[in-house]
Amino acid sequence: MKTLEIKQVGKAYNGHTVIPEINLSINDGEFVVFVGPSGCGKSTLLRMIAGLESITKGSIALNGKTLNGVHPSAREVAMVFQSYALYPHLSVEKNMAFPLRMAGVSKSKTKQLVNETAEKLQLTPLLKRLPGALSGGQRQRVAIGRAIVREPALFLFDEPLSNLDAKLRSEMRVYLKQLHQQLKTTMIYVTHDQVEAMTLADKIVVLNQGEIAQIGAPETLYNQPANKFVAAFIGSPVMNFIPHDAFSSLLNHISLPSNTQSVGLRPNQVTVDKLHPDCHMTISVVEPLGHARLYYGELAGSQFVVESSELYNCGQQLPLKLSDSTLHFFDHNEQRINALEVSNAA
Amino acid sequence: MSRYLHRFFVWSAVALFILPIVWMFSTAFKSPGEIFHAGANLIPQQISLASFQALLNGELPILVANTVFIALSATVVSLCIAFFAAYALVRYRFPAKLDNLFLLAVLVVKMMPPIVVAVPLYSLMNTLGLLNSQLGLVLAYQVYTLPFCIWMLLSFIRDIPLEIEEAAAMDGAHLLKRLAFVVFPLCAPGLVATAIFAMILGWNEFLFSLLFIHTPDKFTIPLFISNFMTEDGTAWGELMAIGIVSSLPMLALAGYMQRYLLRGFSMGLK
Amino acid sequence: MLFENRKQLTALLLPSLTILGLLAVYPIGSVMINAFGSVDYLSKQYQFVGLANFVELFEDFFFIAAMKNTLVFTLVASSAQVLLGLWLALLFNQKFSGRRFALPIIIYPMMISTLVCSSIWRSWYNYDFGLLNSALVAIGLPAQEWLFNPDLALYAIALVDTWQWTPMAFLIILAGLQSIPKDIGEAAMVDGAKGWRAFAFITLPLIQKQLMLAFLLRSIDAFKLFDKVYVMTGGGPGNATETLSMFVYKYGFRFFNLGMASAAALVMLAISLLMTLFYAHRVMKGGKQ
């Protein structure tokens, strides 16, 4: 069942188009992540769903009811903000009670709901404190508590983890995922961090310059990026790209589809093979990661990175094996050439 | 500069700036005979409350009551309407920078010499039947207090993160509820500071009370001081005593107000 | 999108717009009309006279004197306040014991009302019993007719204004000094700048904005000068302390010459408007940086 239906939605500020047109539907109970570089329109899209930004064209409907022109306070949508936006003058308890109080829920019912939610989020000992006296992670949980206490139809998260340090961020990721499994409510989550997107999402929406670059499950995006933008955006370290001509002269036993413009290879899918190398790369920089090393150099005139647990040093020749099953081909419009055409060419 | 020279300059400056105020206190507590005694000693030989007694038996209670009433009313009126206006100016996205234009107009009113509008205001008060009335003075004081309050509150409301209000909107609070439960409590310290400053503006105002108030029963303290000076120029004891009464509240608040003094002026500057 | 509709906006702004319209826009409009006309005091008949009031104004000896006095006062008082304020701010920008107590004390003068200020200083300026003449005589100098000497009276009032308002300039400049990051001073020291050179090449350029702001704010305020003159000299001796505000007051409320009073008020408004626009331009530009 579809929860949220976004139809031909566009946004312009003073004649300057930010989002040309977006069509997207989100199913009940899904955890959807909007990801993209800054300025791609992901936050604007989220804020349009929240009602904090007006919609220039198109329509947004939640559970069949159109949201156009409905004030944020009248939508059944809750949001967790990047800065948490806790009310600094209210205690944790009153922060969480705020949406219920606004909705006119009775005092005893409010108390009961707040206590239940606090229990669920392990916030009970903090109920009487002011937000100023909480740590970043605790504030985060209060913000989530305030969002879930009134059981909205849809949760929005606007880069909620970006103010936390790296360790707490990975803890909160697991926590959020558990929460989603427990509540089974539809969630939309905005981030610029592709690791966060990959780990959290049932479905990722990659945005670029106000348009959807690809929608899909994390593994689909990783293994079958629809275009060069998604290929470069998802995965770390970033995928290597070698122009078509250079690649042909490097490896002439692989036949490329005729319309190939560039070939992409993920750094961790290139193998170091002393016995049957296809080619060699001179190592210019070595970055040890612990479990493996990143080797930087140049291959066929392009910057190239290889992740490998083999031990080589700066200046040495790195023997590389490029297996054709790990290659991604992109055409002149930077779109993916799908597997069928690839096999035809072979 | 050596440390001692620095301390010398600092404390001489402090002494120079405080001297007239010290003199005011000492004169008020001198007996009428001692004030004009040759050799201006700063410490009264004998503490005398004669000047205060004369005032207390005279106009002082009614003066204080008048001035407090007018300053307080002017402040309450200004603060209420300025709070709403400042909020709209901070949060609403005006087309064609109309908000800046409005703010500039308010600034021009705040900065212009009040005598500029005195003559038409006098006719206006006359038409409205508000001459020699405290209500009229409260209205006239809006020329000072309203622009001041708008500018000052602007800076406090700007300090409230937009996200907090957005969160409140998402939590189901429409405009009035947001103003009451979020914006108002969050800028309460700012409202208090603004109220105090507006009170002082009203408390100290002279020109409009001179023009619009005619009978002694409605006099404010500054107007009384002015009359007292011109009529009884050398009754220094009483003059300084009323000066103390007029200054005491502000001197007591100086430490608190110092933090906010630059707020309304500096705008972008911090 | 925090507003649900236009009506809310109107409801929030309407009270302020009404009050300002009634108490500022209407009177200013009325001043403009009267400045170009002549109104008979008894019959209230209005007659358009073009620039006649302004021609008369600029030929009027009293107006020229008031204009000159106001400008001299504004310039002298504001400059003195900024210079003294700068000196004080430099003194207070260093740590010393008792700074916490000294700071509120130094702003006492601007806390007390102009009328109280004037009453204190008028007593001090008293020829026979005043503190200043006692001090002068004590060190063997002749006593002065502070407020009755035409060459001295305006400066005597400027001194009162300086005493009262230097704290304002001081606070603005001190805020500027304290906003200079510590490492800039340290970098200057490492680069070999000390004492006067550090002050002239590092400190002064960095607080330029605050110096300008203090000067403008004090000028705008000093230009209004009325209360002190009214209670200390009444404009005298002769017209040595006549100011534009006093001029408008006298023509409007004593001579009932509406045309002249309005024309002079309009001149004042124009000058104050220029200063305000300059101030807004500087400060708003400064705010965006």
# chains A, B, ... in the order shown; residues from 1 in each chain; ligands from 1
>>> residues_around(residues="Ala15 in chain B", least_positions_apart="5", cutoff="10 Å", atoms="only C-alpha atoms", output="PyMOL selection string")
(chain B and resi 9-10+20+22) or (chain C and resi 102+105-106)
>>> write_last_selection(atoms="N, CA and C atoms", output="CSV table (one decimal), in the first residue's frame")
chain,number,residue,atom,x,y,z
B,9,PHE,N,45.1,56.1,35.7
B,9,PHE,CA,44.2,56.6,34.7
B,9,PHE,C,42.8,56.1,34.9
B,10,VAL,N,42.7,54.8,35.1
B,10,VAL,CA,41.4,54.1,35.2
B,10,VAL,C,40.6,54.7,36.3
B,20,PRO,N,30.0,64.0,39.8
B,20,PRO,CA,28.7,64.7,39.8
B,20,PRO,C,27.6,64.0,40.6
B,22,VAL,N,28.1,61.7,43.0
B,22,VAL,CA,28.4,61.7,44.4
B,22,VAL,C,28.0,63.0,45.0
C,102,ALA,N,34.0,48.8,38.3
C,102,ALA,CA,34.2,50.1,37.7
C,102,ALA,C,33.3,50.2,36.4
C,105,ILE,N,29.8,51.6,37.1
C,105,ILE,CA,30.0,53.0,37.6
C,105,ILE,C,30.2,53.9,36.5
C,106,ILE,N,31.0,53.5,35.5
C,106,ILE,CA,31.3,54.5,34.5
C,106,ILE,C,30.1,54.7,33.6
>>> residues_around(residues="range 36-44 of chain A", least_positions_apart="5", cutoff="6 Å", atoms="only C-alpha atoms", output="compact mmCIF listing (two decimals) with C-alpha atoms, in the first residue's frame")
# COMPACT_ATOMS: atom_id res chain seq x y z
CA HIS A 192 24.41 13.56 2.50
CA VAL A 206 19.58 9.46 -4.99
CA LEU A 207 19.04 13.09 -5.91
CA ASN A 208 21.20 15.22 -8.12
CA GLN A 209 20.47 18.83 -9.05
CA GLY A 210 16.82 18.56 -8.12
>>> closest_residue(among="B:Phe102, B:Tyr144, B:Tyr260, B:Tyr122", to="Pro189 in chain B", atoms="only C-alpha atoms")
B:Tyr260
>>> residues_around(residues="Thr241 in chain C", least_positions_apart="5", cutoff="9 Å", atoms="only C-alpha atoms", output="compact mmCIF listing (two decimals) with N, CA and C atoms, in the first residue's frame")
# COMPACT_ATOMS: atom_id res chain seq x y z
N ALA C 65 21.91 81.36 13.31
CA ALA C 65 22.63 81.15 14.56
C ALA C 65 22.31 79.78 15.15
N ALA C 66 21.01 79.42 15.12
CA ALA C 66 20.60 78.12 15.68
C ALA C 66 21.25 76.98 14.90
N ASN C 69 24.98 76.88 15.76
CA ASN C 69 25.17 76.34 17.12
C ASN C 69 24.93 74.83 17.15
N THR C 70 23.87 74.39 16.49
CA THR C 70 23.54 72.97 16.51
C THR C 70 24.66 72.14 15.87
N PRO C 150 28.79 84.34 26.37
CA PRO C 150 28.39 83.86 25.05
C PRO C 150 29.45 82.97 24.38
N ALA C 153 29.13 79.40 26.79
CA ALA C 153 27.90 78.69 27.17
C ALA C 153 27.69 77.41 26.36
N LEU C 154 27.87 77.49 25.03
CA LEU C 154 27.61 76.33 24.19
C LEU C 154 28.55 75.18 24.55
N ILE C 157 27.60 73.48 27.74
CA ILE C 157 26.54 72.48 27.54
C ILE C 157 27.12 71.23 26.86
N VAL C 229 19.49 72.69 26.91
CA VAL C 229 19.44 74.12 26.63
C VAL C 229 18.22 74.74 27.30
N THR C 233 20.03 77.29 29.89
CA THR C 233 20.25 78.65 29.41
C THR C 233 19.03 79.26 28.74
N GLY C 234 18.09 78.42 28.35
CA GLY C 234 16.93 78.92 27.62
C GLY C 234 17.30 79.47 26.25
N GLY C 235 18.50 79.16 25.79
CA GLY C 235 18.92 79.62 24.46
C GLY C 235 19.93 80.76 24.55
N GLY C 236 20.02 81.37 25.72
CA GLY C 236 20.89 82.53 25.87
C GLY C 236 22.30 82.16 26.25
>>> closest_residue(among="C:Ala158, C:Ile271, C:Ala200, C:Ile107", to="Gln81 in chain C", atoms="only C-alpha atoms")
C:Ala158
